[in-house]
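Okay, structure first, notes after.
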Amino acid sequence: MASRPATRYRKHREGGSYRNTIPLAHDDYLDVHAGEGRLLNFGGKLGAAPLEREAQKSDVNWKAASSWAPLDDSELALDPDNVRYNAAVDGPIMEEPQSNVKGSKKSKRKKRAKHPRSKISKRPHVVWKERYRTVYLEELCRFSGRGDFRAAACPDCTSRRSDVVGAAEYRCNECFMPDLTCSGCCIRRHRTHPFHCIQKWNGSYFVKVSLKSLGLRIQLNHASLFCTNPVPCHASMRVIHTNGIHDVSIDYCGCDRALPQHIQLLRRRLYPASQLVTKTCATFDLLNMLEKFALTTKASMYDFYRGLEKLTDNTGLHKPKSCYRALSRIVLQWRHLKLLKWAGRAHDPAGVEATAPGELALCCPSCPHPGINLPNGWETAPAGMRFLYMMFVCLDANFRLKNQLVSNYSQDPGLGIGWAYMVPRAPYEGYVLSRSNDEDVSSCVGFQALAQANTRFSKGLRYTGVAGAFCGRSEMVLPMAIGNLQKGERYANMDYVFGSAIQRTSLLLILVSYDIACQWFINLFKRMFDHWPEDLRVPERTKLVPAIPKLHEPMHGAANHQMYSLNYSPGVGASDLEAKDQDHATTFSISTSHTGIGSSVAERNIQVEGHRGLTSGLTKEVVDVWEAMCVAWEQDAFPKHKKNPYETEGIAITEAKAKKELAEEEAQRLAAGGISLHATTAAMFIAMGLDIEEAQRRLQRLAKRTTDKATARQAGGLTEQRNQLTARIRTWEVLLPIYLPGILQHQADLRAANSSLKEAEYPEDQELWLPSRLPADVRRRICVEGLPRIEEKLRTAQCHDALNAIRRVLKIKSRLVKFKNKNVRGQREGTRSRAVIDRVHDRARAVAAKYRAGRAAKLRLSGPGDWETDLQVLEDRDIRGYQDPNLIRSHAGRRGTLEDGQVDMSTPAEMQTEEFTLLPEERSRRDGTGESRRTLSWIWLTKTTSNSTDTDTDNYASMSVGTEDKGGQATPNNLNNNDDESDDILRSEWAKSRARAARGKEEVLLLREEMRRVLQFLEWKAQWWLQRAALHTGDKAQMEALQAYAHAQAALQRSLAADFRAAWEKPLGDEETVYRDATTTTAHSIPLASASMQEDENEEDSEDEEDSDAEGLESCAESSDNDMGEDEDDEDEEGKRADDNEDLGS
């Protein structure tokens, strides 16, 4: 058979050589590959096939190559002079391959430097500005004209060879090809795109026209777009689309296959605003976009509509008639229909009206659901593992979601109230109205939940806010758990919301977190049995555990309040239960999500090892006693009466007690025959000196505030107080020769040595001749016997009092800030409340100066010793709340105050002692951590002062923690002493360390259980959707659609489960670790509260409620004014304090 002649020369060629391209972009770019070709027969045709490539290590093939090009480089394209290109071409091609032998000299050479980043990657805007800005601007302006499509004839008419070729005058801004056509061809192109924006060329510029004006009519109910009996729509028909508001002409179908007009619109993905005479529609694309934008941008629908108006006509000259009210109705109905669709209500043959209460709500997949995602036998779990099947419920109110008296329920009764998250309106409001005369009384801290329960501003409002219940772990809103607040956050509202939230569950254990759980929970069961509706009552077998969220708990009273703390409650893990505030934050701003959690396993290991190290330093007997105390306290029922292992008793001496003991010692000395040197005793002499010293510090602060621009009254007040202080100093100095008999000679020696003693210009700067001022080598010779010991004892008490005041002011300020953040809005009110907080801050500075002066004097009197363990050097970073951790980073603060964890960056570190900072009330994870990860400041670990007054009879020498030596200083106990069991502080810290380790273990177990529950819930949900697919019968097209949606949802649930299972494979597969954690966890049986144990508690707590009174911002600020330990001798301070109280009262 003759061979077929070649049609082209390249197919007829045989033999020759074959060369591969050089792979310069790979790691082996130094290797040159080449191969000889050979001929193969492919279906009767000869073709060249390459041999295997072999690396060539010589430059033979390079010499045989005819050309070579450098590597692709973005810089070469930006090189106008070809300098870099020529350098790359002329550069070396072959290099000696480097040896990879380990230990050789060549392998130890410095690595080749990274290729430097190009200018366009480092400074893209600079390159764009220099080289492309003008080009981009020209191209942008090009679209104002016809561009490349300036032909006069219509291209569509020309291509169809039409007899009459129209003028090319119209173009579409939505189509990809911006060519110009005639009006007829433009309509033909947009029969299936009726909502595109059209422009007409009038010879000079483009003007906007509508497809309706060109004659386009949209035919419904026919795929052929032709009907034998079209019915025109309303003349003012408008369609709202994603690109604006359009005037359209729609023809309904009026032939024998006609459907209702609103059905015809819906079949073309147009949602009508009304059903009888439709004048406004919205496309499904617009409604879907509004839904996604509302969830992501958090903007209102009014803003979206204003944007659509601007897209239609940005000049305002041809503003379309408002369709906002119609769009509002459409969006409301659309969202309701989506809820029904997502819940599978369209698949139920019973119809929408058979929807059960709460059925449309999205259930939390990680929560325990009996019969769905709980294992068999979960009811009989051991006491130590019962927390794995506990439900976490958070309660709180949001006063930002107000409802104004605009419409009414007769006009807008709601589309499905009670079907999703809102409680049914009629029974809820009926119950709240029946409890309108209840008085909610608080004996704890004055939270606004009770202080303003009946005083919330409600003029012009139907509802002042909403109350809600949330899942504490996943932060999801529970079904039927949102209720309107008629007038503040009252018990009746919160009771109904809580009962409605848990009525669908049959769990045995529920933890309830509420800001004021310590008050709300007291008589909960009494209120439940007295007047709760029958369907809301908690089953008798369900046990409730009260708790207070971690952010709010420190603001409460400290008397045995640890029973409500999540740090010490067994079974809660690392839950903070602030889900409602984080969920409200989305509504408040409405803003972004918060920081996620860290590694629970790593945190568990840190806390467990830390507790193990602390325990190893104690004896087994002490640990056993403390362990038994913790277990007994944890298992005690609410309210707990067992001894609290986390509380410490007052053990340090106060100034009042020290003065009393010194007076008693003086009386005993005189009774034993001692001689009194003066009517003013030595202790009174030293106390007078300390009082004058405190007055000097106060006057120094006043002089610092009185500037040159002060009024005559202010300057006169300062002068008057200086005169009074001078008189007090002169009176006190009269006693110097009596108790410091050698002081005159000492002063004469100083004058002889220094020629003269410097006299202070103002009395507040004058130094007092106290024993602590004298050098240690001459102190005994100058002072009478025992005088240094008296001052040392008073200085010790002064330091303890100052520390107590610092702790108190930190609590007060934290309470004030929380109150301000949640209740104060507006610039004027915010400024006034900020001024109150600043005054509290100033008092903290004064107390810190008092402590530092007292400690410096004690150091000069006693010298270094064990007392420094308790009375340490007070640095700025130490002055932080007991709930605040170490600050990781500092940042610049508000000008003038230097607070809230902020540092003046221009101030050297050594100058930051006076203007110390209070750490921030609001922190992110990066700024610090809470109780579960904190390191406590030493001011909260030192011995606390007892709450004694001048009439106390406690003996300072009989304190259990330390003994007083001859020098008058208390010797603190430490880990090496035999009094560990009686050391309240050490026991408290050990118990807290034990709790942190236990919470870390519980968190790991909870996370694993929640992972398992989520996977099982998703699998159950997939099967649930498959069952729904076969429920509905009827129209085949409708059945097909419902089955397709059900199968798509089932596939989605399975895909989610597969994705989660792949992500959680390691933690769920570590069965050995799960078993070890489950058997070694320190969680004991959780203290429960049921209806049977509330009778005795209600009798005891009712007496406390009668004497209780709510506290607010005024009480917080008054305590800050009255408890700082400052004298009120001068008139300026009294006036300032009166102004403060006046501001707070207003």
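Labels for the structure tokens follow display order: chains A, B, ..., residues from 1 in each chain, ligands from 1.
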
Item to check | Per-residue DSSP, range 385-524 of chain A, filtered to helix (DSSP H, G or I), as a PyMOL selection string | outcome: chain A and resi 385-389+425-434+448-451+491-502+517-520+524

Item to check | range 760-772 of chain A surroundings by only C-alpha atoms, 9 Å radius, close-in-sequence under 3 positions cut, as a ChimeraX atom specification | outcome: /A:686,689-690,692-693,695-700,722-723,725-726,729,733,736,740,743,775-776,779-780,782-783,787-788,791-792,856-861

Next on the checklist: Report as a ChimeraX atom specification all protein, DNA and RNA residues lying within 9 Å of Lys642 in chain A, evaluated on only C-alpha atoms, omitting residues in the same chain fewer than 4 positions from it.
Outcome noted: /A:629,632-634,636

For the selection you just gave me, I'd like the residues written to a file as a JSON list (two decimals), in the first residue's frame, keeping N, CA and C atoms.
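out_20.json, freshly written:
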```json
[["chain", "number", "residue", "atom", "x", "y", "z"],
["A", 629, "MET", "N", -11.94, 19.61, 103.17],
["A", 629, "MET", "CA", -12.69, 20.86, 103.32],
["A", 629, "MET", "C", -13.27, 21.31, 101.98],
["A", 632, "ALA", "N", -16.15, 18.90, 100.93],
["A", 632, "ALA", "CA", -17.35, 19.14, 101.73],
["A", 632, "ALA", "C", -18.06, 20.43, 101.30],
["A", 633, "TRP", "N", -17.27, 21.45, 101.01],
["A", 633, "TRP", "CA", -17.88, 22.72, 100.59],
["A", 633, "TRP", "C", -18.53, 22.59, 99.22],
["A", 634, "GLU", "N", -17.91, 21.84, 98.30],
["A", 634, "GLU", "CA", -18.47, 21.68, 96.97],
["A", 634, "GLU", "C", -19.74, 20.85, 96.98],
["A", 636, "ASP", "N", -21.85, 20.63, 99.49],
["A", 636, "ASP", "CA", -22.89, 21.25, 100.30],
["A", 636, "ASP", "C", -23.94, 21.88, 99.40]]
```
